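Written out below as structure tokens is the structure these notes cover.
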Amino acid sequence: AVLADGAERDLRAIVEEAANAKAAAGSDQQLIGDFYRSYMDEARVERLGLAPLQPELDRIAAIRDRGQLLAYLAAAQLNQVGNPIGASVFADAKNPEVNTLWLFQAGFGLPERDYYFSSEKRFEEIRAAYVKHIENVFKLAGHKDAAAAAQRVMAFETKLAEASWPAVKLREIEKLYNPVTVADAEKATPGIEWSKWLAGMGLGRTQQFVLAQPDYFKAVGAAVQDAPLETWRDYLTLRTIDSFSPYLSSAFVNEHFDFYSRTLTGTPELKPRWK
């Protein structure tokens with residue numbers, strides 16, 4: 001902790017020096033300084049509210065068919081917004097000389113499967129708090145039917161969680177290693193046109209990848225095909241806002257902290273913004 005605190009103080013000194021310097025245009029110091037000043041301008045952040053995210057939220061609101069939905073799932077991954085298709089590049093488990101695209105279950109607002117299904121009182125309380133968090137986020141975003149939308153999103157996530165792997169099973173690397181061709185993946189997971197998703201990711205030349213949890217992705221394909229688009233739009237709106245809430249106005253920062261830090265991890269106090 002002492003080393004981490006010291007490193008944090010040193011980094012603060014570096015970025016504050018950059019923010020106060022009259023550095024050459026286009027230099028690293030100028031870019032770092034501008035970025036830090038922008039982030040620390042809390043008055044402007046409060047004035048802007050949700051406005052910085054509005055173009056992305058408008059893209060979500062414009063989803064009107066399954067093809068647009070699949071295209072947006074690729075865009076969400078590129079924007080590092082949580083969604084049901086998690087993607088990473090790792091060394092191939094059987095050939096470490098080769099890097100391979102791995103696809104994992106993702107996009108849940110709760111940490112893992114047990115949080116959705118355990119009958120223990122602590123988990124039941126967390127689920128209730130999560131539904132309230134979803135409702136609060138939708139209210140802050142001006143959703144006209146925040147309470148009902150929160151229930152829909154929770155039901156949507158719970159259905160996907162049924163097909164997700166529990167934490168203990170995720171440790172079994174050999175079971176996760178399921179290399180498939182694009183064609184085989186499309187047969188195994190009806191509803192997901194992987195060739196189109198890969199193209200949207202800029203990976204159109206990919207011929208094979210690892211489908212870590214095939215049964216889970218079958219459930220995702222069913223959701224892409226059958227879940228109401230209204231529910232998908234609500235879910236993606238929530239995931240987008242939750243992904244960027246720490247950088248928005250205080251209403252969003254505080255709501256995000258209250259659930260994800262205070263309720264889930266017991267963190268009592270929000271860090272100063274510079275941290």
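All residue names refer to the structure tokens as shown: chains lettered A, B, ... in order, residues numbered from 1 in each chain, ligands numbered from 1 in order.
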For Pro111 of chain A, list every protein, DNA or RNA residue within 12 Å, evaluated using only C-alpha atoms, and leave out those in the same chain fewer than 5 positions away; present the list as a JSON list (two decimals) with C-alpha atoms, in the first residue's frame.
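Saved result, part.json, follows:
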[["chain", "number", "residue", "atom", "x", "y", "z"],
["A", 105, "GLN", "CA", -19.30, -15.22, -21.39],
["A", 106, "ALA", "CA", -19.59, -11.59, -20.40],
["A", 116, "TYR", "CA", -28.25, -14.53, -9.71],
["A", 123, "PHE", "CA", -27.21, -12.68, -2.44],
["A", 126, "ILE", "CA", -27.62, -7.88, -3.59],
["A", 127, "ARG", "CA", -30.11, -8.87, -6.31],
["A", 130, "TYR", "CA", -29.02, -4.41, -8.27],
["A", 157, "GLU", "CA", -29.51, -11.20, -17.49],
["A", 161, "ALA", "CA", -26.86, -16.45, -16.40],
["A", 164, "SER", "CA", -23.30, -19.30, -17.94],
["A", 166, "PRO", "CA", -20.10, -21.14, -12.51],
["A", 167, "ALA", "CA", -16.80, -19.81, -11.23],
["A", 260, "TYR", "CA", -20.60, -1.49, -7.28],
["A", 264, "LEU", "CA", -20.83, -5.23, -3.56],
["A", 265, "THR", "CA", -17.44, -4.76, -1.93]]
Check your understanding: If we count only C-alpha atoms, what is near Leu69 of chain A at a cut-off of 8 Å, once residues fewer than 5 positions away on the same chain are taken out, given as a ChimeraX atom specification?
Key -> /A:63-64,224
Deliver the residues from the most recent selection as a file, using N, CA, C and O atoms, as a PDB file, in the first residue's frame.
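Contents of result-v1.pdb, freshly written:
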ATOM      1  N   ILE A  63     -31.542   0.830 -32.893  1.00  0.00           N
ATOM      2  CA  ILE A  63     -31.529  -0.597 -33.261  1.00  0.00           C
ATOM      3  C   ILE A  63     -32.960  -1.045 -33.519  1.00  0.00           C
ATOM      4  O   ILE A  63     -33.809  -1.011 -32.627  1.00  0.00           O
ATOM      5  N   ARG A  64     -33.213  -1.488 -34.754  1.00  0.00           N
ATOM      6  CA  ARG A  64     -34.572  -1.855 -35.148  1.00  0.00           C
ATOM      7  C   ARG A  64     -34.687  -3.271 -35.702  1.00  0.00           C
ATOM      8  O   ARG A  64     -35.785  -3.735 -35.985  1.00  0.00           O
ATOM      9  N   VAL A 224     -30.358 -13.315 -29.230  1.00  0.00           N
ATOM     10  CA  VAL A 224     -30.247 -12.442 -30.403  1.00  0.00           C
ATOM     11  C   VAL A 224     -31.436 -12.663 -31.330  1.00  0.00           C
ATOM     12  O   VAL A 224     -31.994 -11.715 -31.901  1.00  0.00           O
TER      13      VAL A 224
END
Review point. If you run DSSP on the backbone, which residues of segment 138-208 of chain A are strand (DSSP E or B), as a list in words?
Key: Pro179, Val180, Thr181 and Gln208 of chain A
Convert the current residue selection to file output with all heavy atoms, as a short mmCIF file (atom, residue, chain, number, x, y, z; two decimals), in the first residue's frame.
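Output (selection_18.cif):
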data_model
loop_
_atom_site.label_atom_id
_atom_site.label_comp_id
_atom_site.auth_asym_id
_atom_site.auth_seq_id
_atom_site.Cartn_x
_atom_site.Cartn_y
_atom_site.Cartn_z
N PRO A 179 -11.73 -24.81 -29.82
CA PRO A 179 -11.48 -24.12 -31.09
C PRO A 179 -12.52 -24.53 -32.13
O PRO A 179 -12.87 -25.71 -32.25
CB PRO A 179 -10.08 -24.60 -31.47
CG PRO A 179 -9.91 -25.90 -30.77
CD PRO A 179 -10.70 -25.81 -29.50
N VAL A 180 -13.04 -23.55 -32.83
CA VAL A 180 -14.06 -23.81 -33.86
C VAL A 180 -13.77 -22.95 -35.09
O VAL A 180 -13.19 -21.86 -34.98
CB VAL A 180 -15.48 -23.48 -33.35
CG1 VAL A 180 -15.92 -24.46 -32.26
CG2 VAL A 180 -15.55 -22.04 -32.82
N THR A 181 -14.19 -23.44 -36.24
CA THR A 181 -14.17 -22.59 -37.42
C THR A 181 -15.38 -21.67 -37.36
O THR A 181 -16.33 -21.92 -36.59
CB THR A 181 -14.24 -23.43 -38.70
OG1 THR A 181 -15.51 -24.11 -38.74
CG2 THR A 181 -13.11 -24.45 -38.76
N GLN A 208 -10.78 -19.10 -37.49
CA GLN A 208 -10.98 -19.98 -36.35
C GLN A 208 -10.81 -19.18 -35.07
O GLN A 208 -10.01 -18.25 -35.00
CB GLN A 208 -9.97 -21.14 -36.39
CG GLN A 208 -10.08 -22.11 -35.22
CD GLN A 208 -9.15 -23.30 -35.37
OE1 GLN A 208 -9.28 -24.08 -36.30
NE2 GLN A 208 -8.20 -23.44 -34.44
#
Exercise for review: Kindly give the distance, in Å, that separates atom CA of Asp226 of chain A and atom CA of Gln77 of chain A, rounded to a single decimal.
Suggested key: 21.2 Å
Review point. What's the 12 Å shell around Leu211 of chain A, counting only C-alpha atoms, without same-chain residues fewer than 4 positions away, as a count of residues only?
Key: 28
Point to revise | Selection: 9 Å around segment 133-148 of chain A, only C-alpha atoms, excl. self and same-chain fewer than 2 positions, as an MDAnalysis selection string | key: chainID A and resid 50 128:131 150:154 234 237:238 241:242 251:252 255:256 258:259
Practice item. Using DSSP on the backbone coordinates, identify the residues of segment 31-201 of chain A assigned to helix (DSSP H, G or I); present them as number ranges by chain. Key: A: 31-40, 42-48, 51-61, 66-78, 114-117, 121-140, 146-163, 167-170, 173-176, 182-188, 194-200
